[in-house]
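Raw contents of target-v9.cif, mmCIF, C-alpha atoms and all ligand atoms:
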data_final
#
loop_
_atom_site.label_atom_id
_atom_site.label_comp_id
_atom_site.auth_asym_id
_atom_site.auth_seq_id
_atom_site.Cartn_x
_atom_site.Cartn_y
_atom_site.Cartn_z
CA MET A 982 -72.69 -5.98 150.81
CA ASN A 983 -73.05 -3.47 153.65
CA LEU A 984 -73.41 0.22 152.86
CA GLU A 985 -69.84 1.16 153.71
CA ALA A 986 -68.46 -1.58 151.47
CA LEU A 987 -70.87 -0.61 148.68
CA ASP A 988 -69.76 3.03 148.89
CA LYS A 989 -66.09 2.10 148.95
CA GLN A 990 -66.41 -0.19 145.95
CA TYR A 991 -68.54 1.97 143.68
CA VAL A 992 -68.21 5.63 144.72
CA LEU A 993 -64.98 7.48 144.02
CA GLN A 994 -63.39 8.04 147.41
CA THR A 995 -62.96 11.82 147.28
CA TYR A 996 -64.32 12.49 150.80
CA ALA A 997 -63.14 11.52 154.27
CA ARG A 998 -66.54 10.02 154.95
CA ASP A 999 -68.41 9.15 158.13
CA TYR A 1000 -70.57 6.06 157.68
CA THR A 1001 -73.55 6.89 159.88
CA ASN A 1002 -76.55 6.09 157.69
CA PHE A 1003 -79.16 8.82 158.17
CA VAL A 1004 -82.60 7.77 156.98
CA LYS A 1005 -84.94 10.49 158.28
CA GLY A 1006 -84.91 14.12 159.34
CA VAL A 1007 -87.49 16.20 161.21
CA GLY A 1008 -86.80 19.88 161.93
CA SER A 1009 -83.21 19.92 163.21
CA LYS A 1010 -83.22 16.26 164.25
CA LEU A 1011 -81.77 13.40 162.22
CA TYR A 1012 -82.33 9.67 162.72
CA ASP A 1013 -80.00 6.89 161.62
CA GLU A 1014 -81.00 3.40 160.48
CA ASN A 1015 -81.01 2.18 164.09
CA GLY A 1016 -83.40 4.91 165.16
CA LYS A 1017 -80.71 6.85 167.03
CA GLU A 1018 -81.48 10.57 167.20
CA TYR A 1019 -79.00 13.35 166.40
CA ILE A 1020 -79.33 17.10 166.81
CA ASP A 1021 -78.08 18.64 163.58
CA PHE A 1022 -75.88 21.72 164.05
CA GLY A 1023 -74.43 21.34 160.54
CA SER A 1024 -77.50 21.44 158.26
CA GLY A 1025 -75.63 19.73 155.43
CA ILE A 1026 -73.02 22.54 155.49
CA ALA A 1027 -75.42 25.49 155.64
CA VAL A 1028 -77.72 24.00 152.99
CA ASN A 1029 -80.79 22.87 154.95
CA SER A 1030 -81.74 26.43 155.84
CA VAL A 1031 -85.30 25.49 156.86
CA GLY A 1032 -84.49 22.12 158.44
CA TYR A 1033 -85.81 18.70 157.44
CA GLY A 1034 -89.36 17.99 156.35
CA ASN A 1035 -90.51 21.61 156.36
CA GLU A 1036 -94.12 21.25 155.24
CA LYS A 1037 -94.29 24.36 153.12
CA LEU A 1038 -91.07 23.49 151.27
CA VAL A 1039 -91.95 19.81 150.84
CA ASN A 1040 -95.43 20.63 149.55
CA ALA A 1041 -94.07 23.20 147.10
CA ILE A 1042 -91.52 20.70 145.75
CA CYS A 1043 -94.05 17.85 145.47
CA GLU A 1044 -96.66 19.96 143.77
CA GLN A 1045 -94.13 21.36 141.30
CA ALA A 1046 -92.72 17.88 140.60
CA ARG A 1047 -96.21 16.71 139.65
CA ASN A 1048 -96.55 19.53 137.13
CA ILE A 1049 -93.16 20.25 135.55
CA ILE A 1050 -89.69 19.53 136.97
CA HIS A 1051 -87.75 20.91 134.05
CA ILE A 1052 -88.18 22.38 130.58
CA SER A 1053 -85.22 24.44 129.40
CA ASN A 1054 -83.93 27.98 129.59
CA LEU A 1055 -85.07 28.54 125.99
CA GLN A 1056 -88.52 28.86 127.57
CA VAL A 1057 -89.61 31.43 130.11
CA ILE A 1058 -89.84 29.83 133.59
CA GLU A 1059 -92.38 31.44 135.93
CA PRO A 1060 -90.89 30.41 139.32
CA GLN A 1061 -87.44 31.49 138.06
CA ALA A 1062 -88.68 35.01 137.30
CA LYS A 1063 -90.51 35.15 140.64
CA LEU A 1064 -87.50 33.91 142.61
CA ALA A 1065 -85.25 36.48 140.89
CA GLU A 1066 -87.74 39.22 141.80
CA LYS A 1067 -87.85 38.01 145.41
CA MET A 1068 -84.06 37.91 145.70
CA VAL A 1069 -83.65 41.38 144.23
CA LYS A 1070 -86.35 42.83 146.50
CA LEU A 1071 -84.97 41.19 149.64
CA SER A 1072 -81.44 42.36 148.80
CA GLY A 1073 -82.52 45.95 148.26
CA TYR A 1074 -80.08 46.19 145.33
CA ASP A 1075 -81.02 47.03 141.75
CA MET A 1076 -79.68 43.82 140.25
CA GLY A 1077 -80.41 41.05 137.76
CA VAL A 1078 -79.99 37.35 138.49
CA PHE A 1079 -78.50 34.39 136.60
CA PHE A 1080 -79.24 30.92 137.98
CA ALA A 1081 -76.75 28.05 138.16
CA ASN A 1082 -76.62 24.87 140.25
CA SER A 1083 -73.85 25.32 142.80
CA GLY A 1084 -71.61 27.80 144.54
CA ALA A 1085 -68.63 27.13 142.30
CA GLU A 1086 -70.78 27.66 139.22
CA ALA A 1087 -72.18 30.89 140.63
CA ASN A 1088 -68.62 32.12 141.15
CA GLU A 1089 -67.67 31.03 137.61
CA GLY A 1090 -70.53 33.22 136.42
CA ALA A 1091 -69.28 36.11 138.52
CA ILE A 1092 -65.78 35.76 137.09
CA LYS A 1093 -67.16 35.65 133.54
CA ILE A 1094 -69.14 38.84 134.17
CA ALA A 1095 -66.03 40.49 135.62
CA ARG A 1096 -63.82 39.40 132.70
CA LYS A 1097 -66.29 40.70 130.13
CA TYR A 1098 -66.69 43.92 132.09
CA GLY A 1099 -62.88 44.22 132.02
CA GLU A 1100 -62.85 43.71 128.26
CA THR A 1101 -65.58 46.20 127.39
CA LYS A 1102 -65.51 48.95 130.03
CA PHE A 1103 -61.83 49.94 129.98
CA GLU A 1104 -59.51 51.19 127.21
CA LYS A 1105 -56.97 48.50 128.01
CA LYS A 1106 -58.35 45.07 128.91
CA ARG A 1107 -58.49 44.25 132.61
CA TYR A 1108 -58.80 40.65 133.73
CA LYS A 1109 -57.08 40.13 137.09
CA VAL A 1110 -59.11 39.13 140.13
CA ILE A 1111 -57.69 39.60 143.62
CA THR A 1112 -58.85 37.24 146.37
CA LEU A 1113 -57.77 36.66 149.96
CA GLU A 1114 -55.73 34.04 151.73
CA HIS A 1115 -57.84 31.46 153.60
CA SER A 1116 -60.71 32.08 151.19
CA PHE A 1117 -62.79 29.36 149.58
CA HIS A 1118 -64.55 29.83 146.25
CA GLY A 1119 -65.16 26.33 144.88
CA ARG A 1120 -63.68 23.23 143.30
CA THR A 1121 -63.78 23.81 139.55
CA ILE A 1122 -60.40 24.48 137.94
CA THR A 1123 -61.05 28.24 137.91
CA THR A 1124 -62.70 28.66 141.31
CA VAL A 1125 -60.12 26.45 143.02
CA LYS A 1126 -57.48 28.76 141.53
CA ALA A 1127 -59.45 31.74 142.87
CA THR A 1128 -59.34 30.07 146.30
CA GLY A 1129 -56.49 31.56 148.35
CA GLN A 1130 -55.23 28.34 149.90
CA GLU A 1131 -52.06 27.00 148.27
CA HIS A 1132 -52.73 23.39 149.28
CA PHE A 1133 -55.75 23.37 146.92
CA HIS A 1134 -53.57 24.32 143.91
CA VAL A 1135 -52.32 20.79 143.44
CA PRO A 1136 -49.83 20.66 140.53
CA CYS A 1137 -51.43 17.55 139.03
CA PHE A 1138 -54.49 19.59 137.99
CA SER A 1139 -52.41 22.26 136.23
CA PRO A 1140 -52.34 24.32 134.12
CA TYR A 1141 -54.73 26.62 135.99
CA PRO A 1142 -56.22 29.78 134.47
CA GLU A 1143 -54.18 32.91 134.95
CA GLY A 1144 -55.22 36.15 136.54
CA PHE A 1145 -55.71 35.26 140.21
CA SER A 1146 -53.64 36.52 143.12
CA TYR A 1147 -54.10 36.37 146.88
CA GLU A 1148 -53.56 38.90 149.60
CA LYS A 1149 -52.98 38.29 153.31
CA SER A 1150 -55.45 40.92 154.47
CA ILE A 1151 -57.92 43.52 153.26
CA ALA A 1152 -55.27 46.19 153.92
CA ASP A 1153 -52.95 44.48 151.41
CA VAL A 1154 -55.54 44.56 148.63
CA TYR A 1155 -55.01 48.30 147.96
CA ASN A 1156 -51.38 47.88 146.93
CA ALA A 1157 -52.07 44.76 144.90
CA ILE A 1158 -54.39 46.63 142.52
CA ASP A 1159 -52.80 47.44 139.16
CA ASP A 1160 -54.05 48.61 135.75
CA GLU A 1161 -55.08 45.07 134.86
CA THR A 1162 -57.17 44.46 137.99
CA VAL A 1163 -60.87 44.15 137.22
CA ALA A 1164 -62.30 42.80 140.48
CA VAL A 1165 -61.79 41.89 144.11
CA LEU A 1166 -63.56 38.70 145.22
CA ILE A 1167 -64.16 38.24 148.95
CA GLU A 1168 -66.26 36.45 151.54
CA LEU A 1169 -67.43 38.73 154.36
CA VAL A 1170 -67.12 35.84 156.78
CA GLN A 1171 -64.57 33.30 155.60
CA GLY A 1172 -66.41 30.01 156.12
CA GLU A 1173 -64.22 27.07 155.13
CA GLY A 1174 -61.18 29.14 156.14
CA GLY A 1175 -62.25 29.11 159.82
CA VAL A 1176 -65.47 31.17 160.29
CA GLN A 1177 -63.57 34.45 160.28
CA PRO A 1178 -65.61 37.66 159.83
CA PHE A 1179 -64.01 40.85 158.56
CA GLU A 1180 -64.41 44.24 160.27
CA LYS A 1181 -67.35 46.22 158.95
CA ALA A 1182 -65.39 49.49 158.73
CA GLU A 1183 -62.56 47.81 156.85
CA ILE A 1184 -64.98 46.33 154.30
CA GLN A 1185 -66.87 49.61 153.86
CA GLN A 1186 -63.60 51.42 153.23
CA LEU A 1187 -62.52 48.85 150.65
CA ALA A 1188 -65.92 49.00 148.94
CA ALA A 1189 -65.68 52.81 148.70
CA HIS A 1190 -62.14 52.62 147.30
CA LEU A 1191 -63.05 50.03 144.66
CA LYS A 1192 -66.07 52.08 143.62
CA LYS A 1193 -63.87 55.14 143.18
CA GLU A 1194 -61.35 53.15 141.10
CA GLY A 1195 -64.09 51.54 138.99
CA ILE A 1196 -63.05 48.07 140.12
CA LEU A 1197 -65.74 45.47 140.77
CA LEU A 1198 -66.46 44.18 144.25
CA ILE A 1199 -67.64 40.57 144.07
CA VAL A 1200 -68.97 39.21 147.37
CA ASP A 1201 -69.09 35.42 147.59
CA GLU A 1202 -72.19 34.88 149.72
CA VAL A 1203 -72.49 31.20 148.88
CA GLN A 1204 -72.31 30.47 152.62
CA THR A 1205 -73.12 33.85 154.24
CA GLY A 1206 -76.18 34.53 152.06
CA VAL A 1207 -79.85 33.64 152.56
CA TYR A 1208 -80.11 35.00 156.15
CA ARG A 1209 -77.17 33.00 157.52
CA THR A 1210 -75.74 36.09 159.24
CA GLY A 1211 -79.15 37.41 160.30
CA GLU A 1212 -79.82 39.58 157.23
CA PHE A 1213 -80.79 38.35 153.75
CA LEU A 1214 -77.22 39.04 152.62
CA ALA A 1215 -74.14 39.61 154.75
CA SER A 1216 -73.62 42.56 152.36
CA ASN A 1217 -76.80 44.06 153.88
CA LEU A 1218 -75.39 43.58 157.37
CA TYR A 1219 -72.12 45.24 156.32
CA GLU A 1220 -74.11 48.01 154.58
CA ILE A 1221 -72.19 47.84 151.32
CA GLU A 1222 -73.34 47.74 147.71
CA PRO A 1223 -71.39 45.05 145.87
CA ASP A 1224 -71.23 44.90 142.07
CA ILE A 1225 -71.77 41.15 142.07
CA VAL A 1226 -73.09 38.74 144.71
CA THR A 1227 -73.03 34.95 144.48
CA LEU A 1228 -75.37 32.62 146.38
CA ALA A 1229 -75.99 28.89 146.63
CA LYS A 1230 -75.91 26.76 149.77
CA GLY A 1231 -79.02 27.80 151.72
CA LEU A 1232 -81.07 29.04 148.77
CA GLY A 1233 -82.83 25.80 147.78
CA GLY A 1234 -83.21 24.27 151.24
CA GLY A 1235 -81.35 21.21 149.93
CA VAL A 1236 -82.33 21.35 146.26
CA PRO A 1237 -79.20 22.27 144.24
CA ILE A 1238 -79.27 25.89 143.09
CA GLY A 1239 -76.73 28.67 142.65
CA ALA A 1240 -77.16 32.28 141.63
CA VAL A 1241 -75.12 35.25 140.58
CA MET A 1242 -76.68 38.69 141.04
CA THR A 1243 -75.22 41.83 139.54
CA LYS A 1244 -76.07 45.48 139.09
CA HIS A 1245 -74.24 45.37 135.73
CA LYS A 1246 -77.23 43.94 133.96
CA ASP A 1247 -76.07 44.77 130.43
CA VAL A 1248 -72.70 43.00 130.46
CA LEU A 1249 -73.79 39.47 129.55
CA LYS A 1250 -75.72 39.18 126.30
CA ALA A 1251 -77.71 36.29 124.84
CA GLY A 1252 -75.29 33.41 124.24
CA ASP A 1253 -72.57 34.65 126.64
CA HIS A 1254 -73.47 32.31 129.47
CA GLY A 1255 -75.88 29.47 130.12
CA SER A 1256 -76.77 26.37 132.06
CA THR A 1257 -78.94 23.39 131.19
CA PHE A 1258 -80.32 22.84 134.68
CA GLY A 1259 -79.80 26.32 136.13
CA GLY A 1260 -82.98 27.90 137.47
CA ASN A 1261 -85.34 25.09 136.49
CA TYR A 1262 -88.91 24.74 137.80
CA LEU A 1263 -88.01 22.45 140.68
CA SER A 1264 -85.05 24.37 142.11
CA THR A 1265 -86.56 27.84 141.76
CA THR A 1266 -89.88 26.70 143.24
CA ALA A 1267 -87.89 25.36 146.20
CA GLY A 1268 -85.92 28.62 146.41
CA LEU A 1269 -89.09 30.69 146.41
CA ALA A 1270 -90.62 28.60 149.23
CA VAL A 1271 -87.39 28.83 151.25
CA LEU A 1272 -87.29 32.62 150.94
CA GLU A 1273 -90.95 32.96 151.92
CA ILE A 1274 -90.37 30.82 155.02
CA LEU A 1275 -87.23 32.71 156.01
CA GLU A 1276 -88.66 36.15 155.29
CA GLU A 1277 -91.49 35.35 157.68
CA ILE A 1278 -89.25 34.27 160.58
CA TYR A 1279 -87.06 37.31 159.91
CA ASP A 1280 -90.03 39.70 159.98
CA LYS A 1281 -91.39 38.12 163.16
CA GLY A 1282 -88.05 38.66 164.91
CA GLN A 1283 -87.72 34.90 165.46
CA LEU A 1284 -84.44 34.67 163.53
CA ALA A 1285 -82.86 37.51 165.53
CA GLU A 1286 -83.87 35.75 168.77
CA THR A 1287 -82.42 32.44 167.61
CA LEU A 1288 -79.05 34.02 166.76
CA ILE A 1289 -78.76 35.65 170.17
CA TYR A 1290 -79.78 32.47 171.95
CA PHE A 1291 -77.32 30.33 170.01
CA GLU A 1292 -74.43 32.73 170.52
CA GLN A 1293 -75.13 32.92 174.25
CA LYS A 1294 -74.90 29.14 174.44
CA LEU A 1295 -71.52 29.20 172.68
CA GLN A 1296 -70.20 31.91 174.97
CA ASP A 1297 -71.23 29.84 177.98
CA VAL A 1298 -69.28 26.92 176.56
CA VAL A 1299 -66.15 29.02 176.01
CA GLY A 1300 -66.50 30.39 179.54
CA ARG A 1301 -66.63 26.93 181.03
CA TYR A 1302 -64.24 25.08 178.72
CA GLY A 1303 -61.40 27.56 178.29
CA VAL A 1304 -59.03 24.59 178.48
CA LEU A 1305 -60.34 23.34 175.13
CA PHE A 1306 -61.29 26.52 173.28
CA GLU A 1307 -59.61 29.86 172.76
CA LYS A 1308 -62.63 31.84 171.69
CA GLU A 1309 -65.94 31.95 169.91
CA VAL A 1310 -65.95 33.33 166.33
CA GLY A 1311 -68.46 34.08 163.57
CA LEU A 1312 -71.65 35.95 162.87
CA GLY A 1313 -75.34 35.11 163.01
CA LEU A 1314 -75.85 31.37 162.72
CA MET A 1315 -72.43 30.90 161.15
CA ARG A 1316 -70.37 30.20 164.23
CA GLY A 1317 -67.19 28.52 165.35
CA LEU A 1318 -65.24 27.60 168.42
CA ARG A 1319 -61.49 27.99 167.94
CA ALA A 1320 -60.04 24.83 169.49
CA LYS A 1321 -56.67 24.90 171.23
CA SER A 1322 -55.42 22.24 168.80
CA ALA A 1323 -56.37 20.21 165.73
CA GLU A 1324 -56.50 17.20 168.05
CA VAL A 1325 -59.21 18.85 170.21
CA GLN A 1326 -61.10 19.81 167.03
CA SER A 1327 -61.20 16.26 165.67
CA GLN A 1328 -61.98 14.67 169.07
CA VAL A 1329 -64.87 17.05 169.69
CA ILE A 1330 -66.39 16.34 166.26
CA LYS A 1331 -65.98 12.57 166.56
CA GLN A 1332 -67.29 12.30 170.12
CA SER A 1333 -70.23 14.59 169.31
CA MET A 1334 -71.41 12.12 166.64
CA LYS A 1335 -71.31 9.35 169.25
CA GLU A 1336 -73.31 11.51 171.63
CA GLY A 1337 -75.93 12.29 168.96
CA LEU A 1338 -74.84 15.70 167.73
CA VAL A 1339 -73.63 16.76 164.28
CA VAL A 1340 -71.02 19.55 164.29
CA LEU A 1341 -68.58 20.42 161.50
CA LYS A 1342 -64.96 21.35 161.05
CA ALA A 1343 -63.52 24.49 159.45
CA GLY A 1344 -59.90 25.48 158.88
CA ARG A 1345 -57.35 23.58 160.92
CA ASN A 1346 -58.71 24.09 164.45
CA THR A 1347 -62.28 25.37 164.35
CA VAL A 1348 -65.40 23.45 165.36
CA ARG A 1349 -68.13 24.89 163.18
CA PHE A 1350 -71.84 25.41 163.83
CA LEU A 1351 -74.22 26.02 160.91
CA PRO A 1352 -77.64 25.08 162.28
CA SER A 1353 -80.77 25.42 160.21
CA LEU A 1354 -82.25 28.92 160.54
CA THR A 1355 -85.53 27.46 161.79
CA ILE A 1356 -83.93 25.54 164.67
CA THR A 1357 -86.03 25.71 167.86
CA LYS A 1358 -84.88 26.64 171.38
CA ASP A 1359 -85.57 23.08 172.53
CA GLU A 1360 -83.36 21.68 169.79
CA ILE A 1361 -80.61 24.16 170.66
CA ASP A 1362 -80.88 23.27 174.37
CA GLU A 1363 -80.72 19.54 173.65
CA GLY A 1364 -77.77 19.98 171.25
CA PHE A 1365 -75.77 21.93 173.81
CA LYS A 1366 -76.65 19.44 176.55
CA ARG A 1367 -75.06 16.73 174.41
CA PHE A 1368 -72.15 18.99 173.49
CA GLU A 1369 -71.32 19.68 177.14
CA LYS A 1370 -71.42 15.96 177.87
CA VAL A 1371 -68.79 15.50 175.15
CA LEU A 1372 -66.62 18.34 176.46
CA ALA A 1373 -66.81 17.10 180.04
CA SER A 1374 -65.57 13.68 178.89
CA LEU A 1375 -62.47 15.01 177.10
C1 LIG B 1401 -69.35 26.09 149.69
C2 LIG B 1401 -68.76 27.31 149.12
C3 LIG B 1401 -68.48 27.42 147.74
C4 LIG B 1401 -68.63 26.25 146.79
O1 LIG B 1401 -69.96 25.87 146.64
P1 LIG B 1401 -70.29 24.47 145.86
O2 LIG B 1401 -71.78 24.46 145.83
O3 LIG B 1401 -69.70 23.37 146.67
O4 LIG B 1401 -69.69 24.56 144.53
C5 LIG B 1401 -68.00 28.62 147.27
N1 LIG B 1401 -67.81 29.68 148.09
C6 LIG B 1401 -68.08 29.61 149.41
C7 LIG B 1401 -67.87 30.81 150.26
C8 LIG B 1401 -68.55 28.43 149.97
O5 LIG B 1401 -68.78 28.35 151.28
#
The structure given in the file should be rewritten as C-alpha cells.
Ligand SMILES: *Cc1c(COP(=O)(O)O)cnc(C)c1O
Amino acid sequence: MNLEALDKQYVLQTYARDYTNFVKGVGSKLYDENGKEYIDFGSGIAVNSVGYGNEKLVNAICEQARNIIHISNLQVIEPQAKLAEKMVKLSGYDMGVFFANSGAEANEGAIKIARKYGETKFEKKRYKVITLEHSFHGRTITTVKATGQEHFHVPCFSPYPEGFSYEKSIADVYNAIDDETVAVLIELVQGEGGVQPFEKAEIQQLAAHLKKEGILLIVDEVQTGVYRTGEFLASNLYEIEPDIVTLAKGLGGGVPIGAVMTKHKDVLKAGDHGSTFGGNYLSTTAGLAVLEILEEIYDKGQLAETLIYFEQKLQDVVGRYGVLFEKEVGLGLMRGLRAKSAEVQSQVIKQSMKEGLVVLKAGRNTVRFLPSLTITKDEIDEGFKRFEKVLASL
C-alpha cells in the first residue's frame, strides 16, 4: 500500500493533508523521498525554531535519551528546574513555571490559574475570561471555546464550558468587563487569525487598565514566544508585564512541550494541577538547548539581522506583485502577505510546494511565513527566488 493509501486507511482524516513525504531536513532545507529539495518557510508551524538537524539540539536530545527520557513529576527533574530558571531569567519577569505538552494544555493551565485566582482573591467569585475575535487558543473543549472564531464552536461538540466571551477589538474589552470578569486572554500577534499584530500603545493601555482593576492579563505566546518576534517574548517587545504567559510551539525545537508562566506563584497548590509527561527529562533538555542556541544568536545580533533581511524581501515582493497582494503584515519572523483573494492564497501555497518552497496559510487570505529563527541569508535568498518564480507564473 502506498503512503497516502496507508494514511487514509488507518489515520483519522482530521487534516486537509498534503502527501509530500519528507524524509530528511538540514537547516531550513527539507528533502522528500525522491531527493527533491524544499526551502522551509513554515518550520512545522513555528515549531522548528532552530531548524533541522541542529547539532547542539540533536546531541542534547540523544545524550539525554541514553540516560533518562522520563521519570515522573513526583521526582525532582534537574533539566526542568534549569529550563524554568532560564525562561524566567530571559523573560525578565518574576514568575514560576508549570510544564505541559502543548499550547492548548498551556492555555488550560492558564485558565485554571485564573479561575482559582477568581475564587480566592475576590469577595464574590469571578470566573469570566474575555478573549478576542479571530483569536486562536487551542483545540480542547475549553480552549476551542476560548477561541473567538464561531466556526470552531461546532454544536456537535457541545456543551462547552461557560464563562468565555469575545470582543471585536481591544477597545471593546473595557466595556465587556463586569464584576465576574477574572481575566483577559489575548495574543499580541494573532497568528492563526491572519498574522495580525496589535498596536503597542493600545496593549500597554489595556495592561495598565487591567492592573488597576485587579483583572489578570493572560498573554497567549504559544506562537509569538521563544524569540519569534525578535525578543524572547512578544510581551517584552510590547513592554508589558502580563500576569500569565503561555508558551509551546518553538520551545522544544520539535519536541512537544508547553508551559504556563505566572507571577501569581501561590495560586496553585500541590494537587491542583498536573501532567504525566509535562516537563520530562527529554522535553526540558531539548527546551534548554533551544534557548541556549537562540539566546546566543540574539546576543550576537544575528536574529535582529535575519528579521530585517526577511522583512525587506517580503516588502520587495509586495512592491512588485501588488496585483496579488494587498500588503505585508506581522512582526519579527512571524510574517504574512495579505492576498487579494482566497484563490490567490491557495494557488500561491500549492504552486510553492511544486517549486520547492513550503509556505503556510493563515486566516482566509493570508500566506504565512514562519521560518526557523536560525535560517541563513542563502536559504532566505533561495526561498524568495523560488517564491518569485511562483508569483511570476500566476
Ligand atoms: C498553535 C496555537 C495554540 C495551540 O497549540 P497546540 O500545541 O496545537 O495545542 C494555541 N494558541 C496559539 C496562539 C497558537 O498559535
Point-to-point distance in Å for atom CA of Thr1205 of chain A and atom CA of Val1165 of chain A |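 Pair atom CA of Val1165 of chain A / atom CA of Thr1205 of chain A returns 17.2 Å.
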For atom CA of Asn983 of chain A and atom CA of Val1028 of chain A, quote the distance in Å rounded to one decimal.
->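 Interatomic distance, atom CA of Asn983 of chain A to atom CA of Val1028 of chain A: 27.9 Å.
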List as a Markdown table every residue of chain A that is in contact with ligand LIG 1401 (chain B), defined as an atom at most 7 Å from one of its atoms (using all atoms listed in the file), together with the nearest atom pair and the distance in Å rounded to one decimal, sorted by chain and then rising number.
| residue | atom | partner | partner_atom | distance |
| --- | --- | --- | --- | --- |
| A:Ser1083 | CA | B:LIG1401 | O2 | 3.8 |
| A:Gly1084 | CA | B:LIG1401 | O1 | 3.3 |
| A:Ala1085 | CA | B:LIG1401 | O4 | 3.6 |
| A:Glu1086 | CA | B:LIG1401 | O4 | 6.2 |
| A:Phe1117 | CA | B:LIG1401 | N1 | 5.2 |
| A:His1118 | CA | B:LIG1401 | N1 | 3.7 |
| A:Gly1119 | CA | B:LIG1401 | C4 | 4.0 |
| A:Arg1120 | CA | B:LIG1401 | O4 | 6.3 |
| A:Glu1168 | CA | B:LIG1401 | C7 | 6.0 |
| A:Gln1171 | CA | B:LIG1401 | C7 | 6.8 |
| A:Gly1172 | CA | B:LIG1401 | O5 | 5.6 |
| A:Glu1173 | CA | B:LIG1401 | O5 | 6.1 |
| A:Asp1201 | CA | B:LIG1401 | C7 | 5.5 |
| A:Glu1202 | CA | B:LIG1401 | C7 | 6.0 |
| A:Val1203 | CA | B:LIG1401 | C6 | 4.7 |
| A:Gln1204 | CA | B:LIG1401 | O5 | 4.3 |
| A:Ala1229 | CA | B:LIG1401 | O2 | 6.2 |
| A:Lys1230 | CA | B:LIG1401 | O2 | 6.2 |
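When the distance limit is 8 Å and all atoms listed in the file are what count, the residues near segment 1236-1243 of chain A, minus those fewer than 6 positions from it on the same chain, are Met1076, Gly1077, Val1078, Phe1079, Phe1080, Ala1081, Asn1082, Ser1083, Gly1084, Glu1086, Ala1087, Asn1088, Gly1090, Ala1091, Val1203, Asp1224, Ile1225, Val1226, Thr1227, Leu1228, Ala1229, Lys1230, Gly1259, Gly1260, Ser1264, Thr1265, Ala1267 and Gly1268 of chain A.
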Take the point (-92.7, 26.0, 149.0) as written in the file and pick out every residue within 12 Å of it, counting only C-alpha atoms; give the list as a count of residues only.
-> 33
Would you mind listing what lies within 7 Å of Ile1196 of chain A as a ChimeraX atom specification, with all atoms listed in the file counted and same-chain residues fewer than 3 positions away left out?
-> /A:1163-1164,1191-1192
Hey, which of A:Asp999, A:Glu1161, A:Glu1220, A:Asp1021 ends up closest to Ile1361 of chain A? Count all atoms listed in the file.
-> A:Asp1021
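The residues that lie within 12 Å of the point (-60.3, 16.6, 151.7), counting all atoms listed in the file, are Gln994, Thr995, Tyr996, Ala997, Arg998, Arg1120, His1132, Phe1133, Glu1173, Lys1342, Ala1343, Gly1344 and Arg1345 of chain A.
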Separation of atom CA of Pro1142 of chain A from atom CA of His1115 of chain A, in Å and rounded to one decimal | 19.3 Å
Hey, which of A:Ser1009, A:Ser1030, A:Asn1346, A:Gly1175 ends up closest to Ala1323 of chain A? Count all atoms listed in the file.
-> A:Asn1346
Can you work out which one of A:Lys1294, A:Arg1209, A:Lys1335, A:Arg1316 has the shortest atom-to-atom distance to Ala1027 of chain A, counting only C-alpha atoms?
->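 Comparing A:Lys1294, A:Arg1209, A:Lys1335, A:Arg1316 against Ala1027 of chain A, the winner is A:Arg1209.
Remark: for Gly1144 of chain A, the closest of the candidate residues A:Lys1331, A:Lys1102, A:Lys1063, A:Arg1096 is A:Arg1096 (distances computed over only C-alpha atoms).
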Surrounding residues of Lys1097 of chain A excluding itself and chain neighbours under 4 positions, 8 Å, only C-alpha atoms, as a PyMOL selection string | chain A and resi 1093+1101+1248-1249
Restricting to only C-alpha atoms, whichever of A:Ile1052, A:Leu1351, A:Leu1187, A:Ala1095 is closest to Phe1291 of chain A is A:Leu1351
Pick from A:Thr1347, A:Glu1018, A:Tyr1108, A:Gln1283 nearest to Lys1308 of chain A, counting only C-alpha atoms | A:Thr1347
Any idea what's packed within 12 Å of Thr1357 of chain A, counting all atoms listed in the file, ignoring anything in its chain fewer than 6 positions away? Could you give it as a ChimeraX atom specification?
-> /A:1007-1010,1020-1022,1031-1032,1278,1283-1284,1286-1288,1290-1291,1363-1364
Please write out, as lines of an AutoDock Vina configuration file, where the centre of an axis-aligned box around all listed atoms of segment 1158-1167 of chain A lies and how long its edges are, in Å to one decimal, after adding 5 Å on each side.
center_x = -58.5
center_y = 43.4
center_z = 141.9
size_x = 21.4
size_y = 20.4
size_z = 24.1
Find the spatial neighbours of Glu1104 of chain A, counting only C-alpha atoms, within a cut-off of 12 Å - ignore same-chain residues fewer than 5 positions away - and output them as number ranges by chain.
-> A: 1098-1099, 1160-1161
